[in-house]
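In what follows, a single structure is set out as structure tokens and then discussed.
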Amino acid sequence: MNRRAKIMIGLALGIATLGAGVAMAQAGEDAVVASARAAGIVGEQADGYLGFAKTPPADVKAAVDATNIKRRAIYTEIAGKPGSVATVQEVAAARGCEQLARRVAPGQPYRLTPSGAWQVRGDGPIALPAVCG
């Protein structure tokens, strides 16, 4: 079994055990973040974190920073589970692929690479990067 397969299996197990926490964090998404997402200021990124498609006001920046801190804590917990072969960055990237595929609604911004351009999702699915498998 190659490293990528081991990482994906580990992530699946970790995400399954932490799924309730992630679901609660997403369901309780800060109203400021939800509003900024709908306004196209905030978008998902392939690295597993929220980013700014447009310059945010201070309250939006603070809310996104808090959300990203929570996400990093979840990714760190998954990567730190006994037997995990994934790094925090690998967990975050795997989650980023999921977020891009499931969470970005038509009309919302997203970014596939850290230095890439922001795009806006159309009616069809997002063409995910090769690393998403």
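The chains in the structure tokens are called A, B, ... from first to last as shown; in each chain the residues are counted from 1, and the ligands are counted from 1 in the order shown.
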
What lies within 8 Å of Val120 in chain A using only C-alpha atoms, ignoring chain neighbours under 6 positions off, as a count of residues only?
-> 5

Would you list the contacts of Ala36 in chain A as a PDB file with N, CA and C atoms, in the first residue's frame, taking every protein, DNA or RNA residue within 12 Å and counting only C-alpha atoms, but skipping same-chain residues closer than 6 positions in sequence?
```
ATOM      1  N   GLU A  29     -21.362  27.626  11.919  1.00  0.00           N
ATOM      2  CA  GLU A  29     -20.474  28.604  11.312  1.00  0.00           C
ATOM      3  C   GLU A  29     -20.907  29.999  11.726  1.00  0.00           C
ATOM      4  N   ASP A  30     -19.934  30.759  12.116  1.00  0.00           N
ATOM      5  CA  ASP A  30     -20.155  32.129  12.534  1.00  0.00           C
ATOM      6  C   ASP A  30     -21.009  32.852  11.497  1.00  0.00           C
ATOM      7  N   VAL A  42     -15.223  35.777   1.330  1.00  0.00           N
ATOM      8  CA  VAL A  42     -14.529  34.622   1.903  1.00  0.00           C
ATOM      9  C   VAL A  42     -14.801  33.407   1.041  1.00  0.00           C
ATOM     10  N   GLY A  43     -13.781  32.563   0.876  1.00  0.00           N
ATOM     11  CA  GLY A  43     -13.968  31.343   0.107  1.00  0.00           C
ATOM     12  C   GLY A  43     -13.114  30.208   0.618  1.00  0.00           C
ATOM     13  N   GLU A  44     -13.469  29.014   0.213  1.00  0.00           N
ATOM     14  CA  GLU A  44     -12.700  27.817   0.564  1.00  0.00           C
ATOM     15  C   GLU A  44     -11.448  27.756  -0.294  1.00  0.00           C
ATOM     16  N   LEU A  50     -10.119  28.672   5.100  1.00  0.00           N
ATOM     17  CA  LEU A  50     -10.809  29.765   4.440  1.00  0.00           C
ATOM     18  C   LEU A  50      -9.796  30.837   4.068  1.00  0.00           C
ATOM     19  N   GLY A  51     -10.065  31.536   2.999  1.00  0.00           N
ATOM     20  CA  GLY A  51      -9.207  32.630   2.574  1.00  0.00           C
ATOM     21  C   GLY A  51     -10.056  33.807   2.139  1.00  0.00           C
ATOM     22  N   PHE A  52      -9.391  34.887   1.777  1.00  0.00           N
ATOM     23  CA  PHE A  52     -10.081  36.122   1.413  1.00  0.00           C
ATOM     24  C   PHE A  52      -9.989  36.369  -0.087  1.00  0.00           C
ATOM     25  N   ALA A  53     -11.129  36.293  -0.747  1.00  0.00           N
ATOM     26  CA  ALA A  53     -11.197  36.573  -2.172  1.00  0.00           C
ATOM     27  C   ALA A  53     -11.202  38.077  -2.420  1.00  0.00           C
ATOM     28  N   LYS A  54     -11.629  38.826  -1.425  1.00  0.00           N
ATOM     29  CA  LYS A  54     -11.652  40.290  -1.456  1.00  0.00           C
ATOM     30  C   LYS A  54     -11.148  40.784  -0.109  1.00  0.00           C
ATOM     31  N   THR A  55     -10.723  42.015  -0.047  1.00  0.00           N
ATOM     32  CA  THR A  55     -10.240  42.578   1.214  1.00  0.00           C
ATOM     33  C   THR A  55     -11.389  42.596   2.226  1.00  0.00           C
ATOM     34  N   PRO A  56     -11.173  41.943   3.387  1.00  0.00           N
ATOM     35  CA  PRO A  56     -12.260  41.829   4.361  1.00  0.00           C
ATOM     36  C   PRO A  56     -12.269  42.982   5.364  1.00  0.00           C
ATOM     37  N   PRO A  57     -13.450  43.290   5.889  1.00  0.00           N
ATOM     38  CA  PRO A  57     -13.500  44.199   7.033  1.00  0.00           C
ATOM     39  C   PRO A  57     -12.905  43.488   8.255  1.00  0.00           C
ATOM     40  N   ALA A  58     -12.574  44.228   9.284  1.00  0.00           N
ATOM     41  CA  ALA A  58     -11.905  43.677  10.474  1.00  0.00           C
ATOM     42  C   ALA A  58     -12.706  42.561  11.143  1.00  0.00           C
ATOM     43  N   ASP A  59     -14.035  42.704  11.222  1.00  0.00           N
ATOM     44  CA  ASP A  59     -14.827  41.672  11.896  1.00  0.00           C
ATOM     45  C   ASP A  59     -14.813  40.360  11.111  1.00  0.00           C
ATOM     46  N   VAL A  60     -14.806  40.453   9.786  1.00  0.00           N
ATOM     47  CA  VAL A  60     -14.741  39.252   8.952  1.00  0.00           C
ATOM     48  C   VAL A  60     -13.375  38.590   9.100  1.00  0.00           C
ATOM     49  N   LYS A  61     -12.309  39.375   9.078  1.00  0.00           N
ATOM     50  CA  LYS A  61     -10.962  38.819   9.244  1.00  0.00           C
ATOM     51  C   LYS A  61     -10.847  38.080  10.575  1.00  0.00           C
ATOM     52  N   ALA A  62     -11.345  38.683  11.635  1.00  0.00           N
ATOM     53  CA  ALA A  62     -11.278  38.051  12.961  1.00  0.00           C
ATOM     54  C   ALA A  62     -12.078  36.750  12.997  1.00  0.00           C
ATOM     55  N   ALA A  63     -13.258  36.756  12.397  1.00  0.00           N
ATOM     56  CA  ALA A  63     -14.095  35.555  12.389  1.00  0.00           C
ATOM     57  C   ALA A  63     -13.466  34.439  11.565  1.00  0.00           C
ATOM     58  N   VAL A  64     -12.879  34.773  10.426  1.00  0.00           N
ATOM     59  CA  VAL A  64     -12.217  33.775   9.586  1.00  0.00           C
ATOM     60  C   VAL A  64     -10.979  33.235  10.292  1.00  0.00           C
ATOM     61  N   GLN A 108     -20.072  31.167  -5.326  1.00  0.00           N
ATOM     62  CA  GLN A 108     -19.120  31.430  -4.252  1.00  0.00           C
ATOM     63  C   GLN A 108     -17.681  31.274  -4.747  1.00  0.00           C
ATOM     64  N   PRO A 109     -16.764  32.053  -4.161  1.00  0.00           N
ATOM     65  CA  PRO A 109     -15.361  31.967  -4.582  1.00  0.00           C
ATOM     66  C   PRO A 109     -14.641  30.776  -3.954  1.00  0.00           C
TER      67      PRO A 109
END
```

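Here CA of Asn68 in chain A is placed at a distance of 23.8 Å from CA of Pro82 in chain A.
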
To one decimal in Å, tell me the separation between CA of Val104 in chain A and CA of Thr76 in chain A.
-> 23.3 Å

Pick from A:Ala86, A:Tyr49, A:Ala34, A:Pro114: nearest to Lys70 in chain A, with only C-alpha atoms counted?
->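 Under the stated criterion, the closest residue is A:Tyr49.
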
So, counting only C-alpha atoms, which residue among A:Glu90, A:Asp65, A:Glu98, A:Glu77 is closest to Val33 in chain A?
->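 Looking only at the distances to Val33 in chain A, the closest residue turns out to be A:Asp65.
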
Nearby residues (only C-alpha atoms) at most 7 Å from Gly96 in chain A, same-chain spacing under 5 positions excluded, as an MDAnalysis selection string | chainID A and resid 45:49

Please save N, CA and C atoms of the selected residues as a compact mmCIF listing (two decimals), in the first residue's frame.
```txt
# COMPACT_ATOMS: atom_id res chain seq x y z
N GLN A 45 -10.42 27.14 0.28
CA GLN A 45 -9.16 26.93 -0.43
C GLN A 45 -8.80 25.45 -0.37
N ALA A 46 -8.02 25.00 -1.34
CA ALA A 46 -7.62 23.60 -1.40
C ALA A 46 -6.72 23.20 -0.24
N ASP A 47 -6.17 24.18 0.49
CA ASP A 47 -5.32 23.84 1.63
C ASP A 47 -6.11 23.54 2.89
N GLY A 48 -7.45 23.58 2.80
CA GLY A 48 -8.30 23.23 3.94
C GLY A 48 -8.71 24.41 4.81
N TYR A 49 -8.33 25.60 4.43
CA TYR A 49 -8.64 26.78 5.23
C TYR A 49 -9.44 27.77 4.41
```

Distance criterion (only C-alpha atoms): nearest to Leu128 in chain A out of A:Arg37, A:Arg102, A:Lys81, A:Arg72 |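 Using only C-alpha atoms, Leu128 in chain A sits closest to A:Arg102.
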
For the atom pair CA of Ala94 in chain A and CA of Pro125 in chain A, what is the interatomic distance in Å to one decimal place?
->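 Taking CA of Ala94 in chain A as the start and CA of Pro125 in chain A as the end point, the length is 17.4 Å.
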
Compile the contact shell of Ile126 in chain A as a list in words: residues with an atom at most 9 Å away, counting only C-alpha atoms, same-chain residues fewer than 4 positions apart removed.
->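 After dropping sequence-adjacent residues, the list is Leu100, Ala101, Val104, Arg121 and Gly122 of chain A.
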